[in-house]
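See below for target03.csv, which holds CSV, C-alpha atoms.
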chain,number,residue,atom,x,y,z
A,205,MET,CA,59.7,-15.3,150.6
A,206,ASN,CA,62.6,-17.7,151.2
A,207,ASP,CA,63.7,-19.9,154.1
A,208,LEU,CA,67.2,-18.3,154.4
A,209,PRO,CA,68.4,-16.9,157.6
A,210,PRO,CA,68.3,-13.0,157.7
A,211,PRO,CA,72.1,-12.6,157.8
A,212,VAL,CA,72.4,-14.7,154.6
A,213,VAL,CA,69.7,-12.6,152.9
A,214,ASP,CA,71.7,-9.5,153.8
A,215,TYR,CA,74.8,-11.0,152.4
A,216,LEU,CA,73.3,-12.2,149.1
A,217,LEU,CA,71.5,-8.9,148.6
A,218,ALA,CA,74.9,-7.2,148.6
A,219,ILE,CA,76.1,-9.4,145.8
A,220,ALA,CA,72.9,-9.1,143.8
A,221,ASP,CA,72.6,-5.3,144.2
A,222,ASP,CA,76.3,-4.8,143.2
A,223,LYS,CA,75.7,-6.9,140.1
A,224,HIS,CA,72.4,-5.2,139.3
A,225,LEU,CA,73.7,-1.7,139.5
A,226,MET,CA,76.9,-2.7,137.7
A,227,GLY,CA,74.8,-4.2,134.9
A,228,GLN,CA,72.8,-1.1,134.6
A,229,GLN,CA,75.9,1.2,134.5
A,230,HIS,CA,77.4,-1.0,131.7
A,231,ALA,CA,74.1,-0.9,129.8
A,232,GLU,CA,74.1,2.9,129.9
A,233,TRP,CA,77.1,2.9,127.6
A,234,ILE,CA,75.3,1.1,124.8
A,235,GLY,CA,75.4,3.2,121.7
A,236,VAL,CA,77.9,5.8,123.1
A,237,THR,CA,81.1,3.8,123.6
A,238,PRO,CA,84.0,4.9,121.4
A,239,PHE,CA,83.6,2.0,118.9
A,240,LEU,CA,81.1,-0.7,117.9
A,241,GLU,CA,82.9,-3.7,119.5
A,242,GLU,CA,82.7,-1.9,122.9
A,243,ASP,CA,78.9,-1.3,122.4
A,244,LEU,CA,78.5,-5.0,121.9
A,245,ALA,CA,80.8,-5.9,124.8
A,246,PHE,CA,79.2,-3.6,127.3
A,247,CYS,CA,75.8,-4.8,126.2
A,248,SER,CA,76.7,-8.5,126.7
A,249,ILE,CA,78.7,-8.0,129.9
A,250,GLY,CA,75.9,-5.8,131.3
A,251,GLN,CA,73.3,-8.5,130.4
A,252,ASP,CA,75.3,-11.2,132.2
A,253,GLU,CA,75.6,-9.0,135.3
A,254,LEU,CA,71.9,-8.4,135.3
A,255,GLY,CA,71.3,-12.1,134.7
A,256,HIS,CA,73.5,-13.0,137.8
A,257,ALA,CA,71.6,-10.4,139.8
A,258,ALA,CA,68.2,-11.8,138.7
A,259,HIS,CA,69.3,-15.3,139.7
A,260,LEU,CA,70.2,-14.1,143.1
A,261,TYR,CA,67.1,-12.1,143.5
A,262,ALA,CA,65.1,-15.2,142.5
A,263,LEU,CA,66.9,-17.2,145.3
A,264,LEU,CA,65.8,-14.4,147.7
A,265,ALA,CA,62.3,-14.2,146.4
A,266,GLY,CA,61.6,-17.9,146.7
A,267,ASP,CA,58.3,-18.8,145.2
A,268,ASP,CA,57.0,-15.2,145.1
A,269,ASP,CA,57.8,-14.0,141.5
A,270,THR,CA,56.6,-10.4,142.2
A,271,ALA,CA,59.2,-10.2,145.0
A,272,ILE,CA,62.0,-10.0,142.5
A,273,ASP,CA,60.8,-6.5,141.2
A,274,GLU,CA,60.3,-5.4,144.8
A,275,LEU,CA,64.0,-6.3,145.6
A,276,ALA,CA,65.4,-4.8,142.4
A,277,TYR,CA,63.3,-1.6,142.1
A,278,ARG,CA,61.1,-0.9,145.0
A,279,HIS,CA,63.2,-1.1,148.1
A,280,GLU,CA,63.7,2.0,150.2
A,281,PRO,CA,67.2,3.3,149.5
A,282,GLY,CA,68.4,2.1,153.0
A,283,ALA,CA,67.3,-1.5,152.2
A,284,TYR,CA,69.7,-1.8,149.3
A,285,ARG,CA,73.1,-3.2,150.0
A,286,SER,CA,75.1,-1.9,147.0
A,287,CYS,CA,78.6,-0.5,147.4
A,288,TRP,CA,79.3,3.1,146.6
A,289,PHE,CA,81.6,2.1,143.8
A,290,VAL,CA,78.9,0.6,141.6
A,291,GLU,CA,76.5,3.6,142.4
A,292,ARG,CA,79.1,6.1,141.2
A,293,ALA,CA,78.3,8.0,138.0
A,294,THR,CA,81.1,7.6,135.5
A,295,PRO,CA,80.4,9.8,132.5
A,296,ILE,CA,84.1,9.3,131.4
A,297,TRP,CA,84.8,6.3,129.2
A,298,ALA,CA,88.2,5.6,130.7
A,299,GLU,CA,86.5,5.3,134.1
A,300,ALA,CA,83.9,3.0,132.8
A,301,LEU,CA,86.5,0.7,131.4
A,302,VAL,CA,88.7,0.8,134.5
A,303,ARG,CA,85.7,0.1,136.7
A,304,HIS,CA,84.7,-2.8,134.4
A,305,TRP,CA,88.2,-4.3,135.1
A,306,MET,CA,88.2,-3.5,138.8
A,307,PHE,CA,84.7,-4.9,139.4
A,308,ASP,CA,85.3,-8.1,137.5
A,309,ALA,CA,88.7,-8.7,139.3
A,310,ALA,CA,87.0,-8.3,142.7
A,311,ASP,CA,84.0,-10.4,141.5
A,312,GLN,CA,86.3,-13.3,140.7
A,313,LEU,CA,87.7,-13.2,144.2
A,314,ARG,CA,84.3,-12.9,145.7
A,315,TRP,CA,82.8,-15.9,143.9
A,316,SER,CA,85.9,-18.0,144.6
A,317,LEU,CA,84.7,-17.8,148.3
A,318,LEU,CA,81.3,-19.3,147.2
A,319,ALA,CA,82.4,-22.2,145.1
A,320,GLY,CA,82.2,-24.6,148.1
A,321,SER,CA,79.1,-22.9,149.6
A,322,SER,CA,76.9,-24.8,152.0
A,323,LEU,CA,74.0,-23.3,149.9
A,324,SER,CA,74.1,-25.7,146.9
A,325,ALA,CA,72.3,-23.3,144.6
A,326,LEU,CA,74.9,-20.7,145.3
A,327,ALA,CA,77.8,-23.1,144.8
A,328,ASP,CA,76.2,-24.2,141.4
A,329,LEU,CA,75.8,-20.5,140.4
A,330,ALA,CA,79.4,-19.8,141.2
A,331,GLN,CA,80.4,-22.2,138.4
A,332,ARG,CA,78.2,-20.6,135.9
A,333,VAL,CA,79.2,-17.1,136.9
A,334,GLU,CA,82.9,-18.0,136.7
A,335,ARG,CA,82.5,-19.5,133.2
A,336,GLU,CA,80.8,-16.2,132.0
A,337,GLU,CA,83.1,-13.8,133.9
A,338,ARG,CA,86.1,-15.4,132.3
A,339,TYR,CA,84.9,-13.7,129.0
A,340,HIS,CA,84.5,-10.3,130.8
A,341,ARG,CA,88.0,-10.4,132.2
A,342,LEU,CA,89.4,-11.5,128.9
A,343,HIS,CA,87.7,-8.6,127.3
A,344,SER,CA,88.9,-5.9,129.6
A,345,ASP,CA,92.4,-7.3,129.8
A,346,THR,CA,92.7,-7.6,126.0
A,347,LEU,CA,91.6,-4.0,125.6
A,348,LEU,CA,93.8,-2.6,128.4
A,349,ASP,CA,96.8,-4.5,127.1
A,350,GLY,CA,96.5,-2.6,123.9
A,351,LEU,CA,95.7,0.8,125.4
A,352,LEU,CA,98.3,0.8,128.1
A,353,ALA,CA,101.0,0.2,125.5
A,354,SER,CA,100.3,3.8,124.3
A,355,PRO,CA,101.2,6.8,126.5
A,356,VAL,CA,98.4,8.7,125.0
A,357,ALA,CA,95.9,6.2,126.2
A,358,ALA,CA,97.7,5.4,129.5
A,359,GLU,CA,97.3,9.0,130.7
A,360,PRO,CA,93.5,9.1,131.0
A,361,ILE,CA,93.5,5.5,132.2
A,362,GLY,CA,95.9,6.5,135.0
A,363,ALA,CA,93.7,9.4,135.9
A,364,ALA,CA,90.7,7.1,136.0
A,365,VAL,CA,92.4,4.6,138.3
A,366,THR,CA,93.5,7.5,140.6
A,367,ALA,CA,89.9,8.8,140.8
A,368,LEU,CA,88.3,5.4,141.3
A,369,ALA,CA,90.8,3.7,143.6
A,370,PRO,CA,89.3,5.0,147.0
A,371,PHE,CA,85.8,4.2,145.9
A,372,ALA,CA,86.8,0.8,144.6
A,373,LEU,CA,87.7,-0.3,148.1
A,374,THR,CA,84.0,0.0,149.1
A,375,MET,CA,83.4,-3.2,147.2
A,376,PHE,CA,85.0,-4.9,150.2
A,377,GLU,CA,82.8,-3.2,152.7
A,378,PRO,CA,80.9,-5.9,154.6
A,379,VAL,CA,77.3,-6.2,155.4
A,380,ALA,CA,76.2,-6.8,159.0
A,381,GLY,CA,75.2,-10.3,158.2
A,382,GLU,CA,78.5,-11.4,156.8
A,383,PRO,CA,80.1,-12.9,159.9
A,384,ASP,CA,77.0,-15.2,160.4
A,385,THR,CA,77.0,-16.0,156.7
A,386,VAL,CA,80.6,-17.2,157.0
A,387,ALA,CA,79.8,-19.1,160.2
A,388,GLU,CA,77.0,-20.9,158.3
A,389,GLY,CA,79.4,-22.0,155.6
A,390,VAL,CA,77.6,-20.1,152.9
A,391,ALA,CA,80.8,-18.2,152.2
A,392,GLU,CA,84.2,-19.5,152.9
A,393,ALA,CA,85.6,-16.3,154.4
A,394,PRO,CA,84.8,-12.6,154.6
A,395,PHE,CA,85.2,-10.8,151.3
A,396,ALA,CA,87.6,-8.3,152.9
A,397,THR,CA,90.1,-11.1,153.2
A,398,GLN,CA,90.6,-10.8,149.4
A,399,ARG,CA,91.2,-7.1,149.5
A,400,ASP,CA,95.0,-7.2,149.6
A,401,ALA,CA,95.1,-9.7,146.8
A,402,TRP,CA,92.8,-7.5,144.7
A,403,LYS,CA,95.0,-4.4,145.5
A,404,GLN,CA,98.1,-6.2,144.3
A,405,ARG,CA,96.4,-7.3,141.1
A,406,THR,CA,95.1,-3.8,140.5
A,407,GLU,CA,98.6,-2.3,141.0
A,408,ALA,CA,100.1,-4.8,138.6
A,409,ARG,CA,97.4,-4.3,136.0
A,410,PHE,CA,97.8,-0.5,135.9
A,411,ALA,CA,101.5,-0.2,136.7
A,412,ALA,CA,102.2,1.3,133.2
A,413,ALA,CA,99.6,4.0,133.9
A,414,CYS,CA,100.1,5.1,137.5
A,415,THR,CA,101.2,4.3,141.0
A,416,ILE,CA,98.1,3.9,143.2
A,417,ASP,CA,98.0,5.8,146.5
A,418,TRP,CA,95.5,3.9,148.6
A,419,PRO,CA,93.7,5.7,151.4
A,420,ASP,CA,94.4,4.4,154.9
A,421,ASP,CA,90.7,4.4,155.7
A,422,PRO,CA,88.5,3.3,152.9
A,423,PRO,CA,85.4,5.5,152.6
A,424,TYR,CA,83.0,3.0,154.1
A,425,GLY,CA,79.5,3.8,155.1
A,426,ASP,CA,77.5,1.9,157.6
A,427,ASN,CA,77.5,-1.8,156.6
A,428,ARG,CA,76.2,-0.8,153.2
A,429,THR,CA,73.0,0.7,154.6
A,430,THR,CA,73.6,4.2,153.4
A,431,ARG,CA,73.5,5.3,149.8
A,432,SER,CA,75.8,7.7,148.0
A,433,ALA,CA,74.6,10.8,146.2
A,434,ASP,CA,74.7,9.2,142.8
A,435,PHE,CA,72.3,6.4,143.8
A,436,GLY,CA,69.1,8.5,143.6
A,437,PRO,CA,69.5,9.6,139.9
A,438,LEU,CA,70.7,6.1,138.9
A,439,MET,CA,67.6,4.4,140.5
A,440,ALA,CA,65.3,7.1,139.0
A,441,ARG,CA,66.6,6.1,135.6
A,442,MET,CA,66.2,2.4,136.3
A,443,ARG,CA,62.6,2.9,137.5
A,444,GLU,CA,61.7,5.2,134.6
A,445,VAL,CA,59.7,2.5,132.8
A,446,ILE,CA,58.3,0.6,135.8
A,447,ASP,CA,57.1,3.8,137.3
A,448,LEU,CA,55.0,4.6,134.1
A,449,ASP,CA,52.5,2.0,135.3
A,450,PRO,CA,53.3,0.4,138.7
A,451,SER,CA,50.5,-2.1,138.3
A,452,ALA,CA,51.6,-3.4,135.0
A,453,VAL,CA,52.5,-7.1,134.8
A,454,TRP,CA,55.7,-7.8,133.0
B,235,MET,CA,52.2,-47.3,134.7
B,236,THR,CA,51.9,-47.4,130.9
B,237,ALA,CA,49.7,-44.3,131.0
B,238,THR,CA,52.2,-42.4,133.1
B,239,THR,CA,55.1,-43.3,130.7
B,240,SER,CA,53.0,-42.2,127.8
B,241,LEU,CA,52.1,-38.9,129.5
B,242,LEU,CA,55.8,-38.3,130.1
B,243,ASP,CA,56.5,-38.9,126.4
B,244,ARG,CA,53.8,-36.5,125.4
B,245,CYS,CA,55.2,-33.8,127.6
B,246,ARG,CA,58.6,-34.5,126.1
B,247,GLN,CA,57.2,-34.1,122.6
B,248,ALA,CA,55.4,-30.9,123.6
B,249,ILE,CA,58.7,-29.4,124.9
B,250,ALA,CA,60.5,-30.4,121.7
B,251,THR,CA,58.1,-28.3,119.7
B,252,VAL,CA,59.5,-25.1,121.4
B,253,ASP,CA,62.0,-23.4,119.2
B,254,ASP,CA,64.8,-21.1,120.3
B,255,PRO,CA,63.7,-17.5,119.5
B,256,GLU,CA,67.1,-16.9,117.9
B,257,TYR,CA,66.8,-19.9,115.7
B,258,PRO,CA,63.3,-20.6,114.4
B,259,GLY,CA,63.1,-24.3,113.5
B,260,VAL,CA,65.7,-25.3,116.0
B,261,SER,CA,64.3,-26.9,119.1
B,262,ILE,CA,65.4,-25.9,122.6
B,263,VAL,CA,65.9,-29.7,123.2
B,264,ASP,CA,68.4,-29.9,120.4
B,265,LEU,CA,70.2,-26.8,121.8
B,266,GLY,CA,70.6,-28.6,125.1
B,267,LEU,CA,68.5,-26.2,127.1
B,268,VAL,CA,66.3,-28.8,128.7
B,269,GLU,CA,67.8,-30.5,131.7
B,270,SER,CA,64.9,-32.2,133.5
B,271,LEU,CA,61.3,-33.2,133.2
B,272,ASP,CA,59.3,-34.5,136.0
B,273,VAL,CA,55.6,-35.6,135.8
B,274,ARG,CA,53.7,-36.4,138.9
B,275,GLY,CA,49.9,-36.9,138.5
B,276,ALA,CA,48.7,-33.9,136.5
B,277,THR,CA,51.7,-31.7,137.3
B,278,ALA,CA,54.7,-31.3,135.0
B,279,THR,CA,57.9,-29.7,136.2
B,280,VAL,CA,60.4,-28.6,133.5
B,281,GLY,CA,64.0,-27.6,134.4
B,282,LEU,CA,65.9,-25.5,131.9
B,283,ILE,CA,69.4,-24.0,131.7
B,284,PRO,CA,70.4,-20.9,129.9
B,285,THR,CA,73.2,-20.7,127.4
B,286,PHE,CA,74.4,-17.6,129.2
B,287,SER,CA,72.9,-15.8,132.2
B,288,GLY,CA,72.5,-12.7,130.2
B,289,CYS,CA,70.2,-14.2,127.5
B,290,PRO,CA,67.3,-11.8,127.2
B,291,ALA,CA,65.0,-14.5,125.8
B,292,LEU,CA,64.8,-16.6,129.0
B,293,ASP,CA,61.3,-15.4,129.9
B,294,MET,CA,60.1,-15.9,126.4
B,295,ILE,CA,61.4,-19.5,126.3
B,296,ALA,CA,60.0,-20.3,129.7
B,297,ASN,CA,56.6,-19.0,128.6
B,298,ASP,CA,56.7,-21.0,125.4
B,299,VAL,CA,57.5,-24.2,127.3
B,300,HIS,CA,54.7,-23.4,129.7
B,301,ARG,CA,52.2,-22.9,126.9
B,302,ALA,CA,53.3,-26.0,125.0
B,303,VAL,CA,53.2,-28.4,128.0
B,304,SER,CA,49.9,-26.9,129.3
B,305,GLN,CA,48.3,-28.1,126.1
B,306,VAL,CA,49.1,-31.8,126.9
B,307,ASP,CA,46.0,-33.8,127.8
B,308,GLU,CA,45.9,-34.8,131.5
B,309,ILE,CA,48.3,-32.0,132.5
B,310,SER,CA,46.7,-29.3,134.6
B,311,THR,CA,49.7,-27.6,136.3
B,312,VAL,CA,53.1,-26.7,134.6
B,313,GLU,CA,56.1,-25.4,136.4
B,314,VAL,CA,59.1,-24.1,134.4
B,315,LYS,CA,62.3,-23.4,136.3
B,316,TRP,CA,65.6,-22.0,135.3
B,317,LEU,CA,68.1,-24.2,137.1
B,318,SER,CA,71.4,-23.0,138.7
B,319,ALA,CA,73.2,-26.1,137.3
B,320,PRO,CA,74.6,-27.5,135.2
B,321,VAL,CA,76.5,-25.0,133.1
B,322,TRP,CA,75.5,-25.1,129.4
B,323,SER,CA,78.2,-25.9,126.8
B,324,VAL,CA,78.2,-26.5,123.1
B,325,ASP,CA,78.7,-30.2,124.0
B,326,ARG,CA,75.0,-30.3,124.7
B,327,LEU,CA,74.0,-29.7,121.1
B,328,ALA,CA,72.2,-32.6,119.6
B,329,GLU,CA,73.7,-34.5,116.7
B,330,GLY,CA,73.0,-32.6,113.5
B,331,THR,CA,72.3,-29.3,115.2
B,332,GLN,CA,75.7,-27.9,114.5
B,333,GLN,CA,75.1,-28.6,110.8
B,334,GLN,CA,71.6,-27.1,111.0
B,335,LEU,CA,72.9,-23.9,112.5
B,336,ALA,CA,75.6,-23.7,109.8
B,337,VAL,CA,73.2,-24.3,106.9
B,338,ASP,CA,70.1,-22.4,108.1
B,339,PHE,CA,71.7,-19.5,110.0
B,340,THR,CA,75.4,-19.4,108.9
B,341,VAL,CA,76.3,-19.8,112.6
B,342,ALA,CA,79.5,-21.8,113.3
B,343,VAL,CA,80.1,-23.7,116.5
B,344,GLN,CA,83.4,-23.7,118.3
B,345,ILE,CA,84.2,-27.0,120.0
B,346,GLY,CA,86.7,-26.4,122.8
B,347,THR,CA,89.5,-24.3,121.4
B,348,GLY,CA,89.3,-25.9,118.0
B,349,PRO,CA,89.3,-24.0,114.7
B,350,VAL,CA,86.2,-22.2,113.6
B,351,LEU,CA,85.4,-22.9,109.9
B,352,CYS,CA,83.3,-20.6,107.7
B,353,PRO,CA,79.8,-22.1,107.4
B,354,ARG,CA,79.7,-20.8,103.8
B,355,CYS,CA,83.0,-21.9,102.3
B,356,GLY,CA,84.7,-24.1,105.0
B,357,THR,CA,87.7,-21.9,105.3
B,358,ALA,CA,89.4,-21.1,108.6
B,359,THR,CA,88.2,-17.9,110.2
B,360,SER,CA,89.9,-15.3,112.4
B,361,HIS,CA,88.6,-13.8,115.6
B,362,LEU,CA,87.0,-10.4,115.3
B,363,SER,CA,85.0,-9.6,118.4
B,364,MET,CA,84.5,-11.5,121.6
B,365,PHE,CA,80.9,-10.3,121.8
B,366,GLY,CA,78.4,-10.4,119.0
B,367,PRO,CA,74.8,-9.5,118.2
B,368,SER,CA,73.5,-11.8,120.9
B,369,ARG,CA,75.0,-12.9,124.2
B,370,CYS,CA,75.7,-16.5,123.1
B,371,ARG,CA,77.6,-15.6,119.9
B,372,SER,CA,81.0,-14.0,119.2
B,373,VAL,CA,82.1,-12.7,115.8
B,374,HIS,CA,84.8,-14.1,113.5
B,375,ARG,CA,85.7,-13.3,109.9
B,376,CYS,CA,86.3,-15.7,107.1
B,377,GLU,CA,89.8,-15.4,105.6
B,378,SER,CA,88.5,-16.5,102.2
B,379,CYS,CA,85.1,-15.0,101.5
B,380,ARG,CA,85.7,-12.1,104.1
B,381,GLU,CA,82.1,-12.5,105.4
B,382,PRO,CA,81.6,-12.1,109.1
B,383,VAL,CA,80.8,-15.4,110.9
B,384,GLU,CA,78.8,-15.6,114.1
B,385,VAL,CA,80.1,-18.3,116.4
B,386,MET,CA,78.4,-20.1,119.3
B,387,ARG,CA,80.9,-21.2,122.0
B,388,SER,CA,81.0,-22.6,125.5
Write-out of the structure in structure tokens:
Amino acid sequence: MNDLPPPVVDYLLAIADDKHLMGQQHAEWIGVTPFLEEDLAFCSIGQDELGHAAHLYALLAGDDDTAIDELAYRHEPGAYRSCWFVERATPIWAEALVRHWMFDAADQLRWSLLAGSSLSALADLAQRVEREERYHRLHSDTLLDGLLASPVAAEPIGAAVTALAPFALTMFEPVAGEPDTVAEGVAEAPFATQRDAWKQRTEARFAAACTIDWPDDPPYGDNRTTRSADFGPLMARMREVIDLDPSAVW
Amino acid sequence: MTATTSLLDRCRQAIATVDDPEYPGVSIVDLGLVESLDVRGATATVGLIPTFSGCPALDMIANDVHRAVSQVDEISTVEVKWLSAPVWSVDRLAEGTQQQLAVDFTVAVQIGTGPVLCPRCGTATSHLSMFGPSRCRSVHRCESCREPVEVMRS
């Protein structure tokens, strides 16, 4: 498939799976957000996340085009490396918006560790990702600036932050291959080194809505090898079309 | 050597016939999507870059390029790749393309943070929505004719 060391595959899969599921979650809001501009925004932002995931899956698939679908849709649940935060079902709009902000804030910190990657394709991709993510962050910050100025809107946003905060920390859960990936120079440092910076940004962003009570022990699984309860239904929706005819060529 | 140069040129011409699906009549070359072309023997390798990663037309564009270059005499194998670098920007638009987008599609182009002028009446526009009907365009509104204006930007 590729000539990458297994720990690096493990590491890249976590980023790809996070972006893949986040893109899907955003896409599920198309047509049902509170207003048209948000439909367009969640559509475009979701497409970018899926695009980033596709590029990473392509890196992992090497010359084998069919391997991309295998990675994205046909893995056994235990072979995915997504965090529980992106697997979580968020039928509440405030939670979808807060997660959009939280994920993109963490994503910025994550890719900042890859800008000088020894894997040149990843360092290149970091530049394109940052140029696109800039728009995502501008979008969520602009909307939150407006909403948090209103006590009526700040209340559900505060409730969403409180509900999501423990799960959001799972974004920083490492995969088993991360130490070797850092040793290889593929990533500058473990992602968890950015966790405190992210928490501070999050507290500052939502200070008008709530005070965040972080759990002492983040609800980590086992190096991202176990899936949360929401993963099954999400993956079933994602596979709905591909399962209609598994032999179809796309 | 002469023959190889000519083959390269014919591959270039074939790629230039591929239009962007969003803008029929506008070549992907003029939009700055083509980054590299390498011809060795009967194998042509084309390197493309997307305007944005989220563009849903990437497969369609790559297939169109594959088809066009495959029709070049003496070419038997075509590889089309989406490259991880460089990052696309509106600076890659060919001369005249900005005008073509304005006239044929009423799409404006924002250079840097400069003003966006209405493609219909030339008046300044105001920002309406960061995201538009496709990933590569946001939406402004003309202050004079009040029409929405789609804007390509880096």
Non-local contacts of region 284-301 of chain B (8 Å; all atoms listed in the file; under 5 positions in same chain excluded) as an MDAnalysis selection string: (chainID A and resid 248:256 333 336) or (chainID B and resid 248:249 252 254:255 267 312:316 321:323 368:370)
Straight-line distance linking CA of Thr251 (chain B) with CA of Met386 (chain B), stated in Å to one decimal: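 That distance, rounded to one decimal, is 21.9 Å.
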Point-to-point distance from CA of Ala218 (chain A) to CA of Ser344 (chain A), Å rounded to tenths: 23.6 Å
Coordinates-based distance that separates CA of Val365 (chain A) from CA of Glu242 (chain A) (Å, one decimal):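 Value for the CA of Glu242 (chain A)-CA of Val365 (chain A) distance: 19.3 Å.
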Could you give me, as a Markdown table, every chain A residue with an atom at most 12 Å from chain B, plus its closest atom pair and distance in Å to one decimal, counting only C-alpha atoms, rows ordered by chain then number?
| residue | atom | partner | partner_atom | distance |
| --- | --- | --- | --- | --- |
| A:Lys223 | CA | B:Gly288 | CA | 11.9 |
| A:His224 | CA | B:Gly288 | CA | 11.8 |
| A:Gly227 | CA | B:Gly288 | CA | 10.0 |
| A:Ala231 | CA | B:Gly288 | CA | 11.9 |
| A:Phe239 | CA | B:Ser363 | CA | 11.7 |
| A:Leu240 | CA | B:Ser363 | CA | 9.7 |
| A:Glu241 | CA | B:Ser363 | CA | 6.4 |
| A:Glu242 | CA | B:Phe365 | CA | 8.7 |
| A:Asp243 | CA | B:Phe365 | CA | 9.2 |
| A:Leu244 | CA | B:Phe365 | CA | 5.8 |
| A:Ala245 | CA | B:Phe365 | CA | 5.3 |
| A:Phe246 | CA | B:Phe365 | CA | 8.8 |
| A:Cys247 | CA | B:Arg369 | CA | 8.4 |
| A:Ser248 | CA | B:Arg369 | CA | 5.3 |
| A:Ile249 | CA | B:Gly288 | CA | 7.8 |
| A:Gly250 | CA | B:Gly288 | CA | 7.8 |
| A:Gln251 | CA | B:Gly288 | CA | 4.3 |
| A:Asp252 | CA | B:Gly288 | CA | 3.8 |
| A:Glu253 | CA | B:Gly288 | CA | 7.0 |
| A:Leu254 | CA | B:Gly288 | CA | 6.7 |
| A:Gly255 | CA | B:Gly288 | CA | 4.7 |
| A:His256 | CA | B:Ser287 | CA | 6.3 |
| A:Ala257 | CA | B:Ser287 | CA | 9.4 |
| A:Ala258 | CA | B:Ser287 | CA | 9.0 |
| A:His259 | CA | B:Ser318 | CA | 8.0 |
| A:Leu260 | CA | B:Ser318 | CA | 10.0 |
| A:Ala262 | CA | B:Trp316 | CA | 9.9 |
| A:Leu263 | CA | B:Ser318 | CA | 9.9 |
| A:Gly266 | CA | B:Lys315 | CA | 11.8 |
| A:Asp267 | CA | B:Lys315 | CA | 10.8 |
| A:Asp269 | CA | B:Lys315 | CA | 11.6 |
| A:Leu323 | CA | B:Ser318 | CA | 11.5 |
| A:Ser324 | CA | B:Ser318 | CA | 9.0 |
| A:Ala325 | CA | B:Ser318 | CA | 6.0 |
| A:Leu326 | CA | B:Ser318 | CA | 7.8 |
| A:Ala327 | CA | B:Ser318 | CA | 8.8 |
| A:Asp328 | CA | B:Ala319 | CA | 5.4 |
| A:Leu329 | CA | B:Ser318 | CA | 5.3 |
| A:Ala330 | CA | B:Ser318 | CA | 9.0 |
| A:Gln331 | CA | B:Val321 | CA | 7.2 |
| A:Arg332 | CA | B:Val321 | CA | 5.5 |
| A:Val333 | CA | B:Ser287 | CA | 8.0 |
| A:Glu334 | CA | B:Val321 | CA | 10.1 |
| A:Arg335 | CA | B:Val321 | CA | 8.1 |
| A:Glu336 | CA | B:Phe286 | CA | 7.1 |
| A:Glu337 | CA | B:Ser287 | CA | 10.5 |
| A:Arg338 | CA | B:Ser388 | CA | 11.1 |
| A:Tyr339 | CA | B:Met364 | CA | 7.7 |
| A:His340 | CA | B:Met364 | CA | 9.3 |
| A:Arg341 | CA | B:Met364 | CA | 11.2 |
| A:Leu342 | CA | B:Met364 | CA | 8.8 |
| A:His343 | CA | B:Met364 | CA | 7.2 |
| A:Ser344 | CA | B:Met364 | CA | 10.7 |
| A:Thr346 | CA | B:Met364 | CA | 10.1 |
| A:Leu347 | CA | B:Met364 | CA | 11.1 |
| A:Trp454 | CA | B:Asp293 | CA | 9.9 |
Who sits within 9 Å of region 374-384 of chain B, all atoms listed in the file, same chain under 4 positions skipped, as number ranges by chain: B: 340-343, 350-364, 366-367
Selection: 12 Å around Arg314 (chain A), all atoms listed in the file, excl. self and same-chain fewer than 2 positions, as a ChimeraX atom specification: /A:215-216,218-219,222-223,307-312,316-319,321,330,333-334,337,375-376,378,391-399,401-402
Top pick for closest residue to Arg244 (chain B), considering B:Thr279, B:Ser270, B:Gln305, B:Gln344 and counting all atoms listed in the file: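 Distance minimum relative to Arg244 (chain B) lands on B:Gln305.
The residue that comes closest to Pro355 (chain A), out of A:Thr374, A:Ala412, A:Thr270, A:Ala367 and on the basis of only C-alpha atoms, is A:Ala412.
Residue nearest His230 (chain A) within the list A:Phe435, A:Trp305, A:Tyr277, A:Trp288: A:Trp305 [criterion: smallest interatomic distance, all atoms listed in the file].
Counting all atoms listed in the file, region 425-429 of chain A has the following residues at most 9 Å away, ignoring those fewer than 5 positions along the same chain: Ala218, Pro281, Gly282, Ala283, Tyr284, Arg285, Ser286, Cys287, Trp288, Thr374, Glu377, Pro378, Val379, Ala380 and Gly381 of chain A.
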